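**Student:** First the structure, then my questions, so here it is.
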Amino acid sequence: MAQPDNKKFFESLSGAGKAIAVLTSGGDAQGMNAAVRAVVRMGIYVGAKVYFIHEGYQGMVDGGDNIKEATWESVSSMLQVGGTVIGSARCKEFRAHEGRLKAAHNLVQRGITNLCVIGGDGSLTGANLFREEWSGLLAELVQQGLIDEEASQKYSALHIVGMVGSIDNDFCGTDMTIGTDSALHRIIEVVDAIMTTAQSHQRTFVLEVMGRHCGYLALVSALACGADWVLIPEMPPEDGWEEKMCQKLSAKRAGKKRLNIIIVAEGAIDHNNKPITTSYIQDLVVSRLGFDTRVTILGHVQRGGTPSAFDRILASRMGVEAVLALLETTANTPACVVSLCGNQSVRLPLMECVQMTQEVQKAMDEGRFEEAVKLRGRSFENNLKTYKLLAHRKPESELPHSNFNVAVLNVGAPAAGMNAAVRSAVRVGISEGHKMFAVSDGFEGFHKGQIKEIKWADVGGWTGQGGSLLGTKRTLPAKHMGKIAEQMRKYNINALLLVGGFEAYLGLMELLEARGKYDEFCVPMVMVPSTVSNNVPGSDLSIGADTALNAITDTCDRIKQSASGTKRRVFIIETMGGYCGYLASVGGLAAGADAAYIYEEPFDIRDLQANVEHLTQKMKTSIQRGLVLRNENCNENYTTDFIYQLYSEEGRGVFDCRKNVLGHMQQGGAPSPFDRNFGTKIAAKAMQWISKKLAETYRQDEGRVFANTEDSACLLGMRRRALIFQPVVQLKAETDFVHRIPKEQWWLKLRPLMKILAKYRTSYDVSDSGQLEHVVHNRPKESDASAI
């Protein structure tokens with residue numbers, strides 16, 4: 001098939017004759033192995049030689065067997081392994097000139113002039129210093145007779161690309177570092193478990209999480225579990241905070257809440273730079289309130305365990321991007337770091353990021369904490385604002401009184417994270433002075449009058465609950481428009497917030513069309529996408545999709561492990577998604593699938609045969625287990641049973657087959673940290689939009705809200721790097737209504753990446769890659785898109 005002229009494909013970038021080395025340095029982080037795997041396989045794919053450097057910079061200095069050529073098979077079965085299988089070590093020798101001279105000699109001996117470094121800011125700074133000294137080091141090696149002049153000329157430039165692997169998420173220039181999401185998973189698993197025992201005994205728990213210089217983990221986990229109090233280094237509490245905290249804890253107990261959770265970053269300090277310890281807080285609560293208080297220090301549990309789906313996908317994308325960056329470097333290209341902005345991979349000058357990271361620490365050391373928060377980036381700043389908004393309720397006397405009534409409802413199938421979105425909307429609405437109403441069972445409950453006022457305390461503890469506590473149905477409003485208008489009039493509803501999937505999108509369109517007949521619908525209306533299928537037009541991501549991806553990834557890991565020690569086996573796994581192949585494709589990338597069949601990419605019997613032959617060849621030479629994912633509606637004839645039978649027959653004598661339909665387990669379970677925070681932040685933004693629209697559309701002379709313009713019925717979605725409000729009318733042209741999917745979907749660009757990592761020859765569109773950008777201190781307000 002001819003490729004479009006406006007796209008750039010990586011086939012033009014050859015790695016022939018190049019040698020790439022990959023190392024992990026500093027502290028380990030879950031997802032590092034996925035990054036190593038992606039670098040090795042992409043490097044080999046483009047024709048380069050790829051080397052492992054074991055034990056980080058120490059291995060580079062020591063040389064010998066620490067630097068080994070990697071093969072395709074050497075990175076099999078490491079995607080789901082935590083930590084780093086090639087080892088990581090702190091290296092004093094590399095900090096000295098003599099150590100770097102040894103390292104240079106070891107690299108030149110193997111013809112390595114391309115380094116992919118996975119680590120924190122210290123590791124990346126060391127790599128950049130090494131690059132700057134490279135020509136001088138080679139001159140010294142020539143002078144000492146260790147290499148000849150020809151080698152010095154041939155390997156005259158060292159190219160560096162960095163990927164940030166750190167659970168602290170303390171590196172400026174990227175929204176998320178490799179390992180952060182997995183660390184949040186570990187924290188939230190512990191918090192959810194602790195909440196059950198705390199509730200049983202009416203206890204207060206003080207949890208210490210990692211973050212000596214950065215409070216990201218503490219802040220985001222507090223946001224994700226609805227903690228009562230959080231202490232982080234970037235926001236030292238005001239004098240007298242002890243009394244305020246105790247008052248809040250006491251008020252919560254008086255309101256019949258049976259537990260309290262306080263989260264403390266290990267580097268938390270007060271305004272006098274004095275450390276705030278968990279034992280100090282425990283003693284404080286016991287002495288002032290007499291509450292039974294326990295301390296839990298999570299420690300290295302946060303670094304351990306398998307990487308989350310998010311970290312596997314992030315690391316795989318970054319690993320491939322790092323190889324592409326190395327292929328495109330010239331002698332004048334500065335060392336860059338591959339990072340994530342919103343939903344897009346970007347390249348940034350390494351030292352610009354390092355300098356800004358150091359600026360944050362300097363600002364904190366000098367007591368300029370507000371500036372430090374801004375320097376941390378838009379993601380951190382937005383998390384902090386949202387936490388303050390939701391955790392600390394203002395006294396009634398300080399709340400604005402808008403006299404507006406806002407209704408919130410769930411529409412469509414349940415999705416993990418819906419409850420976090422509703423909690424956020426309710427509390428932000430109350431903070432803005434509105435009266436909030438909850439509609440049970442979607443539009444079906446709406447026309448039946450299942451509407452009641454919902455208060456601040458009513459949504460306490462909702463963040464970590466799966467499913468839909470309000471109740472949700474797939475019923476659309478068209479049949480009951482008159483009765484819904486009657487209920488709108490009865491409860492004087494001035495604005496609507498819909499949290500749901502494709503049904504919510506269709507429902508919003510129907511309400512918009514009904515404005516001509518019913519004035520009651522001439523109010524601001526906004527929809528927040530929430531569906532495991534991730535098939536809502538106007539948004540790259542939906543609440544619930546990350547939790548479903550983790551369910552798929554975890555299950556695939558277990559299924560593959562079930563075949564360990566047995567003969568060669570291929571698993572055929574069916575995923576949900578309707579006609580949308582997001583879960584099958586991205587789940588396949590996260591689980592290391594060999595193929596993923598989806599509706600958006602038509603296939604025939606020849607494709608199936610080619611896949612079987614490819615897998616048969618791999619089984620004969622290397623791998624023991626294969627994984628094939630199939631979207632439930634990818635093809636009406638090539639069913640899961642058909643594909644299972646085809647693989648079983650064609651693979652006879654080489655491998656056997658098993659099949660598994662994952663079903664509704666993809667919709668269940670507690671929401672992931674990503675979905676809790678995405679739901680919380682996107683719903684807060686939606687409510688702030690509603691407040692703004694209510695103020696704009698209120699007619700003083702008539703004493704009512706009247707909004708009938710296109711931009712008063714919007715969908716709030718994530719597009720590349722931004723969260724944007726889009727009138728639903730404008731999204732019609734982007735929608736395939738028959739198959740209930742957007743006509744264009746960003747994740748289709750990731751499919752070739754999955755195929756490359758599974759050893760298929762394919763084309764990979766890199767037209768979005770290759771642009772070295774600069775670190776931006778202050779981005780426009782609308783670009784506050786970080787999902788976490």
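Identifiers for the structure tokens are assigned positionally: chains receive A, B, ... in sequence, residues are indexed from 1 per chain, and ligands are indexed from 1 in the order shown.
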Report as an MDAnalysis selection string all protein, DNA and RNA residues lying within 9 Å of Asp546 of chain A, evaluated on only C-alpha atoms, omitting residues in the same chain fewer than 6 positions from it.
**Tutor:** chainID A and resid 309:310 416 532 671:675
**Student:** Could you pull out the alpha helix (DSSP H) residues of segment 650-753 of chain A from DSSP and send them as a ChimeraX atom specification?
**Tutor:** /A:650,673-697,728-731,751-753
**Student:** Which residue, A:Val428, A:Ile261, A:Ala420, A:Val536, has the smallest gap to Lys385 of chain A when you use only C-alpha atoms?
**Tutor:**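 Residue with the minimum atom-to-atom distance to Lys385 of chain A: A:Val428.
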**Student:** Could you give me, as a ChimeraX atom specification, the residues within 8 Å of Gly319 of chain A, counting only C-alpha atoms and dropping anything in the same chain fewer than 3 positions from it?
**Tutor:** /A:34-39,42,163,315-316,322-323
**Student:** Quick one: pick out all strand (DSSP E) residues within segment 6-225 of chain A from a backbone DSSP run and write them as a ChimeraX atom specification.
**Tutor:** /A:19-24,49-53,67-69,114-119,159-164,204-209
**Student:** Which residues are close to segment 449-459 of chain A, i.e. within 6 Å by only C-alpha atoms, leaving aside same-chain residues fewer than 3 positions away? Reply as a list of chain:residue names.
**Tutor:**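 After dropping sequence-adjacent residues, the list is A:Arg423, A:Arg427, A:Met436, A:Phe437, A:Ala438, A:Val439, A:Ser440, A:Gly445, A:Phe446, A:Trp462.
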**Student:** Give me a file of those residues, with N, CA and C atoms, as a PDB file, in the first residue's frame.
**Tutor:**
```pdb
ATOM      1  N   ARG A 423     -17.500  12.606  42.789  1.00  0.00           N
ATOM      2  CA  ARG A 423     -17.058  13.225  44.052  1.00  0.00           C
ATOM      3  C   ARG A 423     -16.436  14.591  43.786  1.00  0.00           C
ATOM      4  N   ARG A 427     -17.985  18.244  45.031  1.00  0.00           N
ATOM      5  CA  ARG A 427     -17.258  19.108  45.974  1.00  0.00           C
ATOM      6  C   ARG A 427     -16.827  20.438  45.350  1.00  0.00           C
ATOM      7  N   MET A 436     -25.868  21.019  44.606  1.00  0.00           N
ATOM      8  CA  MET A 436     -25.607  19.877  43.724  1.00  0.00           C
ATOM      9  C   MET A 436     -26.694  18.813  43.880  1.00  0.00           C
ATOM     10  N   PHE A 437     -27.125  18.270  42.744  1.00  0.00           N
ATOM     11  CA  PHE A 437     -28.138  17.212  42.739  1.00  0.00           C
ATOM     12  C   PHE A 437     -27.575  15.967  42.054  1.00  0.00           C
ATOM     13  N   ALA A 438     -27.848  14.806  42.624  1.00  0.00           N
ATOM     14  CA  ALA A 438     -27.420  13.537  42.040  1.00  0.00           C
ATOM     15  C   ALA A 438     -28.620  12.853  41.405  1.00  0.00           C
ATOM     16  N   VAL A 439     -28.439  12.406  40.160  1.00  0.00           N
ATOM     17  CA  VAL A 439     -29.488  11.680  39.447  1.00  0.00           C
ATOM     18  C   VAL A 439     -29.101  10.204  39.436  1.00  0.00           C
ATOM     19  N   SER A 440     -29.955   9.357  39.950  1.00  0.00           N
ATOM     20  CA  SER A 440     -29.684   7.919  39.985  1.00  0.00           C
ATOM     21  C   SER A 440     -30.109   7.251  38.675  1.00  0.00           C
ATOM     22  N   GLY A 445     -33.491   7.114  35.448  1.00  0.00           N
ATOM     23  CA  GLY A 445     -33.807   7.657  36.761  1.00  0.00           C
ATOM     24  C   GLY A 445     -34.227   9.112  36.676  1.00  0.00           C
ATOM     25  N   PHE A 446     -33.680   9.833  35.700  1.00  0.00           N
ATOM     26  CA  PHE A 446     -33.984  11.254  35.519  1.00  0.00           C
ATOM     27  C   PHE A 446     -35.486  11.434  35.235  1.00  0.00           C
ATOM     28  N   TRP A 462     -15.578   8.002  48.108  1.00  0.00           N
ATOM     29  CA  TRP A 462     -16.004   7.532  46.788  1.00  0.00           C
ATOM     30  C   TRP A 462     -14.832   7.287  45.831  1.00  0.00           C
TER      31      TRP A 462
END
```
**Student:** Name all residues at most 10 Å from segment 366-368 of chain A (count only C-alpha atoms; drop same-chain ones fewer than 4 positions away) and give them as a PyMOL selection string.
**Tutor:** chain A and resi 234-236+271-273+360-362+372-373
**Student:** Please produce an output containing C-alpha atoms for each residue in the selection, written as a short mmCIF file (atom, residue, chain, number, x, y, z; two decimals), in the first residue's frame.
**Tutor:**
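Everything below was put into again.cif:
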```
data_model
loop_
_atom_site.label_atom_id
_atom_site.label_comp_id
_atom_site.auth_asym_id
_atom_site.auth_seq_id
_atom_site.Cartn_x
_atom_site.Cartn_y
_atom_site.Cartn_z
CA GLU A 234 7.11 21.91 48.30
CA MET A 235 4.30 23.14 50.57
CA PRO A 236 5.42 23.47 54.19
CA HIS A 271 8.40 26.69 57.47
CA ASN A 272 11.47 26.65 59.71
CA ASN A 273 13.00 23.84 57.62
CA VAL A 360 13.37 23.72 41.91
CA GLN A 361 15.68 22.47 44.65
CA LYS A 362 17.38 25.86 44.89
CA ALA A 372 9.18 25.80 43.44
CA VAL A 373 5.64 24.51 42.88
#
```
**Student:** Within 12 Å of Leu409 of chain A, counting only C-alpha atoms, which residues show up once you throw out same-chain ones fewer than 3 positions away? Write them as a ChimeraX atom specification, please.
**Tutor:** /A:406,412,414,418-419,421-423,425-426,436-446,450-452,454,468-474,495-501,504,507-508,525-528,530
**Student:** Might you pull out every residue within 12 Å of Leu350 of chain A, with only C-alpha atoms counted and same-chain residues fewer than 6 positions away left off, and present them as a PyMOL selection string?
**Tutor:** chain A and resi 117+120-129+131+159-164+171-174+333-339+356-357+772-775
**Student:** Taking only C-alpha atoms into account, name the residue in A:His614, A:Arg720, A:His392, A:His664 that is nearest to Gly226 of chain A.
**Tutor:**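 Ranked by minimum distance to Gly226 of chain A, first place goes to A:His392.
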**Student:** Of the candidates A:Ile572, A:Leu506, A:Ile86, A:Trp746, which shows the shortest atom-to-atom distance to Leu731 of chain A, using only C-alpha atoms?
**Tutor:**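 Closest residue, counting only C-alpha atoms: A:Leu506.
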**Student:** In Å, how far is it from atom CA of Trp72 of chain A to atom CA of Val40 of chain A?
**Tutor:**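 Here the two named atoms are 7.1 Å from each other.
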**Student:** Can you tell me how far atom CA of Arg378 of chain A sits from atom CA of Glu242 of chain A, in Å to one decimal?
**Tutor:**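 One can read the atom CA of Arg378 of chain A to atom CA of Glu242 of chain A distance as 28.9 Å.
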**Student:** Please measure the separation of atom CA of Trp134 of chain A and atom CA of Leu101 of chain A, giving the value in Å to one decimal.
**Tutor:**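 Interatomic distance, atom CA of Trp134 of chain A to atom CA of Leu101 of chain A: 8.8 Å.
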**Student:** Choose the residue, out of A:Leu137, A:Val628, A:Leu541, A:Met210, that has the smallest atom-to-atom separation from Asn611 of chain A; count only C-alpha atoms.
**Tutor:** A:Val628
